[in-house]
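Asker: What follows is the file my_file07.txt, containing compact mmCIF, C-alpha atoms:
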```txt
# COMPACT_ATOMS: atom_id res chain seq x y z
CA MET N 2 18.39 -79.28 -2.83
CA ILE N 3 16.73 -77.92 -5.95
CA ASN N 4 14.03 -80.12 -7.43
CA PRO N 5 15.47 -81.93 -10.52
CA ALA N 6 12.49 -80.71 -12.53
CA HIS N 7 13.67 -77.17 -11.99
CA ARG N 8 17.06 -78.09 -13.46
CA VAL N 9 15.38 -79.50 -16.56
CA ARG N 10 13.42 -76.30 -17.07
CA ALA N 11 16.55 -74.28 -16.44
CA ALA N 12 18.53 -76.21 -19.01
CA ILE N 13 15.84 -75.66 -21.61
CA ALA N 14 15.56 -71.97 -20.80
CA ALA N 15 19.30 -71.42 -20.71
CA ALA N 16 19.69 -71.94 -24.44
CA SER N 17 17.71 -68.81 -25.28
CA PHE N 18 18.23 -67.14 -21.94
CA LEU N 19 22.05 -67.39 -22.19
CA LEU N 20 21.93 -66.58 -18.58
CA ALA N 21 20.26 -63.25 -18.97
CA GLY N 22 20.37 -62.90 -15.22
CA CYS N 23 20.40 -59.17 -15.19
CA GLY N 24 17.32 -57.29 -16.05
CA GLY N 25 14.79 -59.36 -17.71
CA GLY N 26 14.43 -60.95 -21.02
CA THR N 27 17.62 -60.10 -22.82
CA ALA N 28 20.93 -61.78 -22.23
CA GLU N 29 24.02 -59.84 -21.36
CA LYS N 30 25.32 -58.67 -24.71
CA LEU N 31 28.37 -60.26 -26.20
CA GLY N 32 30.18 -57.17 -27.41
CA PRO N 33 31.34 -53.77 -26.24
CA GLY N 34 28.59 -51.37 -25.34
CA ALA N 35 26.39 -54.12 -23.97
CA GLY N 36 25.28 -54.22 -20.41
CA GLY N 37 25.66 -56.71 -17.72
CA PRO N 38 25.97 -57.21 -14.04
CA PRO N 39 28.59 -55.39 -11.96
CA ALA N 40 32.45 -56.40 -10.77
CA ARG N 41 35.29 -58.69 -11.81
CA HIS N 42 37.01 -60.99 -9.31
CA GLY N 43 39.24 -59.07 -6.97
CA GLU N 44 38.53 -55.71 -8.55
CA ALA N 45 37.24 -52.78 -6.59
CA ALA N 46 33.76 -51.66 -7.50
CA PRO N 47 33.44 -48.24 -9.08
CA ALA N 48 34.31 -45.29 -6.96
CA PRO N 49 33.36 -43.08 -5.39
CA ALA N 50 30.30 -44.86 -4.05
CA PRO N 51 27.69 -43.11 -1.93
CA THR N 52 27.90 -43.62 1.78
CA ALA N 53 24.79 -45.01 3.42
CA SER N 54 24.03 -43.96 6.98
CA ARG N 55 24.49 -46.76 9.50
CA THR N 56 22.55 -45.07 12.29
CA ALA N 57 18.83 -45.08 12.79
CA ALA N 58 16.20 -44.45 15.39
CA PRO N 59 15.38 -47.57 17.41
CA GLY N 60 13.34 -49.99 15.32
CA ARG N 61 13.96 -48.09 12.09
CA LEU N 62 16.10 -48.86 9.08
CA PRO N 63 18.18 -45.79 8.15
CA GLY N 64 17.33 -43.85 5.03
CA LEU N 65 13.90 -45.43 4.60
CA GLY N 66 10.69 -43.44 4.66
CA PRO N 67 7.27 -44.63 5.89
CA GLU N 68 6.17 -46.02 2.52
CA THR N 69 9.31 -48.14 2.14
CA LEU N 70 9.33 -49.24 5.78
CA ALA N 71 5.72 -50.37 5.49
CA ALA N 72 6.73 -52.77 2.72
CA VAL N 73 9.26 -54.59 4.93
CA PRO N 74 7.51 -57.72 6.27
CA SER N 75 7.02 -57.72 10.04
CA ARG N 76 8.72 -61.11 10.35
CA THR N 77 11.87 -59.98 8.51
CA ARG N 78 14.99 -59.90 10.67
CA GLN N 79 17.58 -59.33 7.91
CA ALA N 80 17.54 -56.60 5.27
CA VAL N 81 20.12 -55.80 2.61
CA VAL N 82 19.65 -52.10 1.88
CA VAL N 83 20.98 -51.09 -1.55
CA THR N 84 21.00 -47.31 -1.84
CA GLY N 85 21.58 -45.75 -5.25
CA ARG N 86 23.40 -42.46 -5.62
CA GLY N 87 20.67 -41.01 -7.83
CA ARG N 88 17.64 -41.93 -9.88
CA ASN N 89 19.71 -42.13 -13.07
CA SER N 90 22.98 -43.34 -11.54
CA SER N 91 24.47 -46.85 -11.73
CA VAL N 92 26.50 -46.39 -8.52
CA SER N 93 25.16 -47.58 -5.17
CA THR N 94 26.08 -49.00 -1.78
CA ALA N 95 24.86 -52.08 0.09
CA VAL N 96 24.58 -52.62 3.84
CA LEU N 97 23.26 -55.70 5.67
CA TYR N 98 21.08 -54.90 8.69
CA GLU N 99 19.71 -57.23 11.34
CA ARG N 100 16.78 -56.59 13.63
CA THR N 101 17.36 -57.12 17.34
CA GLY N 102 15.27 -56.43 20.41
CA ALA N 103 16.69 -52.90 20.40
CA GLY N 104 15.87 -52.31 16.74
CA TRP N 105 17.81 -52.53 13.50
CA ARG N 106 21.62 -52.48 13.51
CA ALA N 107 24.24 -52.71 10.77
CA ALA N 108 25.65 -56.25 10.60
CA GLY N 109 28.53 -55.26 8.33
CA PRO N 110 30.17 -52.32 6.59
CA SER N 111 28.80 -50.24 3.76
CA ARG N 112 29.96 -51.95 0.57
CA PRO N 113 30.28 -50.47 -2.94
CA ALA N 114 27.86 -51.83 -5.52
CA ARG N 115 26.63 -51.26 -9.06
CA ASN N 116 23.08 -51.24 -10.42
CA ALA N 117 21.54 -50.79 -13.87
CA LEU N 118 23.05 -48.50 -16.50
CA LYS N 119 20.18 -45.98 -16.45
CA GLY N 120 19.51 -46.15 -12.71
CA TRP N 121 16.19 -47.05 -11.07
CA THR N 122 12.49 -47.36 -11.82
CA ASP N 123 9.23 -47.96 -9.97
CA HIS N 124 7.86 -49.92 -12.95
CA HIS N 125 10.57 -52.14 -14.37
CA ARG N 126 10.16 -53.31 -17.96
CA ALA N 127 12.27 -55.81 -19.86
CA GLY N 128 15.16 -54.03 -21.52
CA ASP N 129 14.67 -50.65 -19.84
CA LEU N 130 18.19 -50.80 -18.34
CA ARG N 131 16.89 -49.77 -14.92
CA SER N 132 16.83 -51.68 -11.64
CA PRO N 133 13.47 -52.17 -9.93
CA ILE N 134 12.77 -50.14 -6.80
CA GLY N 135 11.16 -51.96 -3.90
CA VAL N 136 11.37 -54.52 -1.13
CA PHE N 137 11.93 -58.09 -2.34
CA THR N 138 12.48 -61.35 -0.50
CA LEU N 139 15.72 -63.32 -0.88
CA THR N 140 14.99 -67.05 -0.93
CA ASP N 141 17.33 -68.78 -3.40
CA ALA N 142 20.93 -68.78 -4.55
CA GLY N 143 23.11 -70.48 -7.11
CA GLY N 144 26.15 -70.13 -9.28
CA LEU N 145 28.75 -71.63 -11.54
CA ARG N 146 31.06 -72.42 -8.65
CA PRO N 147 30.46 -74.65 -5.60
CA ASP N 148 28.23 -73.48 -2.75
CA PRO N 149 30.30 -70.96 -0.73
CA GLY N 150 28.51 -71.89 2.48
CA THR N 151 25.16 -70.14 2.22
CA ARG N 152 22.13 -71.34 4.15
CA LEU N 153 19.90 -70.44 1.22
CA PRO N 154 19.03 -73.29 -1.20
CA TYR N 155 21.91 -73.32 -3.69
CA ASP N 156 21.78 -74.53 -7.30
CA ARG N 157 25.19 -75.12 -8.85
CA SER N 158 24.95 -75.28 -12.64
CA GLY N 159 27.04 -74.78 -15.75
CA ALA N 160 24.16 -72.64 -17.05
CA PHE N 161 25.39 -69.77 -14.86
CA THR N 162 27.56 -68.55 -17.73
CA SER N 163 28.25 -64.91 -18.54
CA PRO N 164 30.22 -64.52 -21.79
CA GLY N 165 31.05 -61.34 -23.63
CA THR N 166 31.68 -57.82 -22.40
CA GLY N 167 29.71 -55.16 -20.57
CA PHE N 168 28.80 -51.54 -21.22
CA GLU N 169 32.32 -50.34 -20.53
CA GLY N 170 34.04 -53.13 -22.45
CA GLU N 171 34.77 -55.10 -19.27
CA PRO N 172 34.70 -58.93 -19.42
CA LEU N 173 31.57 -60.45 -17.92
CA ALA N 174 33.24 -63.80 -17.18
CA GLY N 175 32.68 -64.83 -13.57
CA SER N 176 29.75 -62.50 -12.96
CA PHE N 177 27.46 -65.44 -12.21
CA ASP N 178 29.95 -67.49 -10.22
CA TYR N 179 27.69 -66.67 -7.26
CA VAL N 180 24.19 -65.19 -7.36
CA VAL N 181 21.27 -64.56 -5.04
CA ALA N 182 17.90 -64.31 -6.77
CA VAL N 183 15.92 -61.16 -6.00
CA ASP N 184 12.25 -62.17 -5.83
CA TYR N 185 11.07 -59.67 -8.41
CA ASN N 186 8.74 -61.24 -11.00
CA ARG N 187 9.88 -64.75 -10.16
CA ARG N 188 8.62 -67.75 -8.24
CA PRO N 189 10.31 -67.97 -4.81
CA GLY N 190 11.59 -71.38 -3.82
CA THR N 191 13.03 -72.22 -7.24
CA THR N 192 16.51 -72.06 -8.75
CA PRO N 193 17.54 -68.59 -9.94
CA LEU N 194 17.50 -70.15 -13.42
CA ASP N 195 13.75 -70.70 -13.32
CA TRP N 196 12.18 -68.63 -16.10
CA THR N 197 8.65 -68.35 -14.67
CA ARG N 198 7.50 -64.71 -14.79
CA PRO N 199 4.26 -64.22 -12.77
CA LEU N 200 3.86 -60.62 -13.99
CA GLY N 201 4.56 -61.58 -17.59
CA ALA N 202 7.72 -61.47 -19.68
CA SER N 203 7.28 -57.78 -20.50
CA ARG N 204 7.96 -56.89 -16.86
CA GLY N 205 11.44 -58.37 -16.98
CA GLY N 206 13.01 -60.64 -14.44
CA GLY N 207 16.23 -62.45 -13.69
CA ILE N 208 17.17 -59.74 -11.19
CA TRP N 209 20.04 -60.99 -9.05
CA LEU N 210 22.70 -59.98 -6.60
CA HIS N 211 25.83 -61.23 -8.36
CA VAL N 212 29.56 -60.71 -8.74
CA ASP N 213 30.45 -57.21 -9.90
CA HIS N 214 32.31 -57.14 -13.20
CA GLY N 215 33.30 -53.48 -13.02
CA GLY N 216 30.48 -51.81 -14.93
CA PRO N 217 26.74 -51.07 -14.92
CA THR N 218 24.18 -53.85 -15.17
CA HIS N 219 20.97 -54.50 -17.06
CA GLY N 220 18.98 -54.50 -13.81
CA CYS N 221 20.85 -56.55 -11.22
CA VAL N 222 23.00 -55.40 -8.30
CA GLY N 223 26.69 -56.29 -8.45
CA LEU N 224 28.95 -56.70 -5.43
CA ARG N 225 32.64 -57.53 -5.22
CA GLU N 226 33.09 -61.28 -5.03
CA GLY N 227 34.35 -61.33 -1.45
CA ASP N 228 31.53 -59.04 -0.30
CA LEU N 229 28.91 -61.19 -2.02
CA VAL N 230 30.29 -64.41 -0.53
CA GLU N 231 30.24 -62.85 2.96
CA LEU N 232 26.66 -61.76 2.41
CA MET N 233 25.61 -65.20 1.17
CA ARG N 234 27.09 -66.80 4.27
CA ALA N 235 25.29 -64.32 6.52
CA LEU N 236 21.82 -64.63 4.99
CA ASP N 237 19.61 -66.91 7.05
CA PRO N 238 16.26 -68.17 5.70
CA ALA N 239 14.99 -68.39 9.27
CA LEU N 240 15.32 -64.59 9.48
CA HIS N 241 13.26 -64.07 6.30
CA PRO N 242 15.79 -61.81 4.55
CA VAL N 243 14.82 -59.12 2.06
CA VAL N 244 16.62 -56.66 -0.17
CA VAL N 245 15.45 -53.05 -0.05
CA MET N 246 16.71 -51.37 -3.21
CA GLY N 247 16.38 -48.05 -5.00
CA ASP N 248 17.83 -44.60 -5.25
CA ALA N 249 18.13 -42.68 -1.97
CA ALA N 250 15.26 -40.29 -2.73
CA SER N 251 12.88 -43.10 -3.60
CA LEU N 252 13.77 -45.13 -0.52
CA ALA N 253 13.11 -42.08 1.66
CA ARG N 254 9.45 -41.89 0.57
```
In structure tokens, what does this structure look like?
Answerer:
Amino acid sequence: MINPAHRVRAAIAAASFLLAGCGGGTAEKLGPGAGGPPARHGEAAPAPAPTASRTAAPGRLPGLGPETLAAVPSRTRQAVVVTGRGRNSSVSTAVLYERTGAGWRAAGPSRPARNALKGWTDHHRAGDLRSPIGVFTLTDAGGLRPDPGTRLPYDRSGAFTSPGTGFEGEPLAGSFDYVVAVDYNRRPGTTPLDWTRPLGASRGGGIWLHVDHGGPTHGCVGLREGDLVELMRALDPALHPVVVMGDAASLAR
């Protein structure tokens, strides 16, 4: 359960935060041309999405170079690899991998996803409309709707509201029905609504995996609702899950 004190802070923050979830510091805009997380319930994510390789040398995650692999904690046994089509593209794919005695293996199919409007960055700033590149732990979940059966701590709250429309005029309603907090510039072990920013507000925050609404995001990664629910049910805190995210060229470094 989430500490009640966290809920109090979340409620206070939500008034100005308006559930900015995606990308740090600015709420999803309320009119056409504004950004927000990715896909609407039941809708296919944008096509065509890049296809991530599901084969790798024993002990290696596919598509990741030595610099990226070195950032994956040694104790991690689950990794969600989000591979962007290009540095400036908002189209990506997501694959869950699990580490076994024989090395890493895909624990599910390659799923279409969306990232920030302007693509990816190594130095995310609030409002830059790019998703942060890196390896980040996944420790907390939440949403507007009841817990779908995740083993992560889950905070259900009416503050997970996403009004308005996205960059392509698509409704944002339902985008935050389910979310998993990406531990970029946040305090792990707290509700995704917690507004603490260890790196400072200028570095953004509120980066989540959430329900795709059919368009680019401010900084989050959007997955189709069914895909996200399956992922939330698969993630196991005992396996110390992480998300590895970025464009393909950056992840290959």
Asker: Please tabulate, as JSON lines, the residues of range 82-125 of chain N that come within 8 Å of range 222-239 of chain N, each with its closest pair of atoms and the distance in Å to one decimal, counting all atoms listed in the file and ordering rows by chain, then residue number upward.
Answerer:
```
{"residue": "N:Leu97", "atom": "CA", "partner": "N:Leu232", "partner_atom": "CA", "distance": 7.7}
{"residue": "N:Arg112", "atom": "CA", "partner": "N:Asp228", "partner_atom": "CA", "distance": 7.3}
{"residue": "N:Pro113", "atom": "CA", "partner": "N:Leu224", "partner_atom": "CA", "distance": 6.8}
{"residue": "N:Ala114", "atom": "CA", "partner": "N:Leu224", "partner_atom": "CA", "distance": 5.0}
{"residue": "N:Arg115", "atom": "CA", "partner": "N:Gly223", "partner_atom": "CA", "distance": 5.1}
{"residue": "N:Asn116", "atom": "CA", "partner": "N:Val222", "partner_atom": "CA", "distance": 4.7}
{"residue": "N:Ala117", "atom": "CA", "partner": "N:Val222", "partner_atom": "CA", "distance": 7.4}
```
Asker: Considering all atoms listed in the file, can you say which of N:Gly144, N:Pro149, N:Gly220, N:Pro110 comes closest to Pro193 in chain N?
Answerer: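 Nearest to Pro193 in chain N: N:Gly144.
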Asker: Quick one: residues within 12 Å of Asp123 in chain N, all atoms listed in the file counted, chain neighbours fewer than 3 positions away excluded, as a count of residues only?
Answerer: 17
Asker: Distance CA of Gly64 in chain N-CA of Gly206 in chain N, one decimal place?
Answerer: 26.1 Å
Asker: Can you list, as a list in words, every protein, DNA or RNA residue that comes within 10 Å of Asp184 in chain N when you count all atoms listed in the file, leaving out same-chain residues fewer than 5 positions away?
Answerer: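 Skipping anything fewer than 5 positions along the chain leaves Val136, Phe137, Thr138, Leu139, Thr140, Asp141, Pro189, Gly190, Pro193, Gly206, Gly207, Ile208, Trp209, Val243 and Val244 of chain N.
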Asker: List every protein, DNA or RNA residue that has at least one atom no more than 12 Å from (27.6, -65.2, -10.8) in the file's coordinates, counting all atoms listed in the file, and write the result as a VMD selection string.
Answerer: chain N and resid 20 to 23 37 to 42 142 to 149 156 to 164 173 to 182 193 to 194 208 to 214 221 to 226 229 to 230
Asker: When distances are computed from all atoms listed in the file, which of N:Arg86, N:His241, N:Arg187, N:Arg78 shows the smallest separation from Glu99 in chain N?
Answerer: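 Result for the nearest residue to Glu99 in chain N: N:Arg78.
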Asker: Taking into account only C-alpha atoms, which residue in the set N:Leu200, N:Thr191, N:Gly85, N:Thr94 is nearest to Leu153 in chain N?
Answerer: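 Comparing N:Leu200, N:Thr191, N:Gly85, N:Thr94 against Leu153 in chain N, the winner is N:Thr191.
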Asker: Any chance you could work out the axis-aligned box around range 221-230 of chain N, listed atoms only, 5 Å on each side, giving centre and edge lengths in Å to one decimal, as JSON?
Answerer:
```
{"center_x": 27.6, "center_y": -59.9, "center_z": -5.8, "size_x": 23.5, "size_y": 19.0, "size_z": 20.9}
```
Asker: Which one is closest to Ala103 in chain N: N:Asp195, N:Pro74, N:Ala253, N:Arg61? Count all atoms listed in the file.
Answerer: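 Closest to Ala103 in chain N, using all atoms listed in the file: N:Arg61.
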Asker: If you measure from CA of Thr69 in chain N to CA of Ala127 in chain N, what distance in Å do you get, rounded to one decimal?
Answerer: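 About the pair CA of Thr69 in chain N and CA of Ala127 in chain N: they are 23.5 Å apart.
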Asker: Select, from N:Thr197, N:Thr218, N:Gln79, N:Thr151, the residue with the minimum atom-to-atom distance to Arg100 in chain N, counting all atoms listed in the file.
Answerer: N:Gln79
Asker: What's the separation between CA of Thr84 in chain N and CA of Ala250 in chain N, in Å to one decimal place?
Answerer: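 We find that CA of Thr84 in chain N and CA of Ala250 in chain N lie 9.1 Å from each other.
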